[in-house]
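Scroll down for the structure; my scribbles are underneath it.
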Amino acid sequence: MKIALFGAGGMLGSRIAKEALDRGHELTAVSRDPMKLTLEHPRLHKLTGDALDPASVTAAVLGQDAVISAFGPGHHGDPQDVVRAARALTAGVKAAGVKRLLVVGGAGALEVKPGLQLVDTPDFPAAWKPIALAHREALGVYRGADLDWTYLAPAALIQPGARTGHYRTGGAGLLTDAKGESRISAEDYAVAMLDELEQPKHPRARFTAAY
């Protein structure tokens with residue numbers, strides 16, 4: 001499968017890139033500065049593009065079978081760029097005629113109980129709230145898009161770790177383990193993303209993955 005990936009240099013994007021290449025896919029990593037991408041592979045192509053510019057998105061994804069966005073504003077960027085990227089990606093992907101768009105989402109809009117989202121709980125860290133709210137707003141953009149989109153929300157805690165190949169999936173609710181913890185490794189998140197790409201189970205929907 002030919003895949004265009006935005007955000008391949010980030011924690012999640014780099015693992016999604018590796019997982020895709022390990023599975024035999026042909027990958028085009030789209031970045032404002034492709035030379036910063038250190039990953040090398042015979043089936044990896046590096047291309048200059050901007051996830052915030054619909055025309056740039058269109059040019060970058062023409063001829064692809066699917067697009068994955070792991071775009072993030074970075075630690076010092078504007079959280080609202082997540083929303084701007086959602087608008088640019090949905091418009092640009094549609095204009096290119098690519099049917100499938102998979103997106104790295106946020107956990108903040110998952111419910112800890114019916115009607116109460118994680119981002120709205122009293123103990124939610126204030127420093128993370130702007131990006132969590134931006135991801136929630138972006139989800140609304142995807143829901144209004146005329147595309148076969150899928151939004152994969154991670155567990156509350158996601159960090160580099162082992163690739164086990166095992167995870168559980170859920171819908172609107174935050175998944176927790178027997179200890180009450182919500183977590184997944186970045187590696188297994190990438191497994192869940194590529195599994196969804198290869199065997200779609202959540203068209204035009206959000207789902208979550210956790211241990």
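Letters A, B, ... mark the chains of the structure tokens in the order given; residue numbers begin at 1 per chain; ligand numbers begin at 1, in order shown.
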
query: Using the chain letters and numbers from this document, which residues of segment 54-200 of chain A does DSSP assign to strand (DSSP E or B), as an NGL selection string?
result: :A and (66-69 or 100-104 or 111-113 or 116-117 or 148-153 or 157-159 or 168-170 or 173 or 183-185)

TODO: Excluding Leu62 of chain A and any residue of its chain fewer than 6 positions from it, enumerate the residues within 10 Å of it, using only C-alpha atoms, and give them as a list in words.
DONE: Ala4, Gly92, Val93, Ala95, Ala96, Gly97 and Val98 of chain A

| task | Please identify all polymer residues within 7 Å of segment 190-204 of chain A, counting only C-alpha atoms, omitting same-chain residues fewer than 2 positions from it, and present them as number ranges by chain. | result | A: 15-16, 19-20, 148-150, 165, 186-188, 206-207, 209

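Nearest to Leu5 of chain A of all the residues A:Ala155, A:Val141, A:Ala17, A:Ala109 is A:Ala17, based on only C-alpha atoms.
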
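The space separating atom CA of Leu116 of chain A from atom CA of His135 of chain A comes to 16.1 Å.
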
### Query
Among segment 1-151 of chain A, which residues carry a DSSP assignment of alpha helix (DSSP H), reported as a PyMOL selection string?
chain A and resi 11-22+54-61+81-96+129-143

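Between atom CA of Pro54 of chain A and atom CA of Phe6 of chain A the separation is 12.9 Å.
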
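Take the candidates A:Gln159, A:Thr38, A:Ser14, A:Thr208 and check each one against Leu175 of chain A using only C-alpha atoms; the shortest distance goes to A:Thr208.
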
Set the distance at 10 Å and use only C-alpha atoms: which residues neighbour Met35 of chain A once local chain neighbours fewer than 6 positions away are removed? I'd like the list as a ChimeraX atom specification. /A:46-48

Dump of C-alpha atoms for the selected residues, as an mmCIF file, in the first residue's frame:
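part.cif, freshly written:
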data_model
loop_
_atom_site.group_PDB
_atom_site.id
_atom_site.type_symbol
_atom_site.label_atom_id
_atom_site.label_comp_id
_atom_site.auth_asym_id
_atom_site.auth_seq_id
_atom_site.Cartn_x
_atom_site.Cartn_y
_atom_site.Cartn_z
ATOM 1 C CA LYS A 46 10.932 12.091 1.798
ATOM 2 C CA LEU A 47 8.882 14.986 0.511
ATOM 3 C CA THR A 48 8.532 18.646 1.438
#

From atom CA of Gly9 of chain A to atom CA of Ala29 of chain A the spacing works out at 8.7 Å

Shortest contact to Gly171 of chain A, candidates A:Ala205, A:Val30, A:His76, A:Trp128, atoms counted only C-alpha atoms, goes to A:Ala205
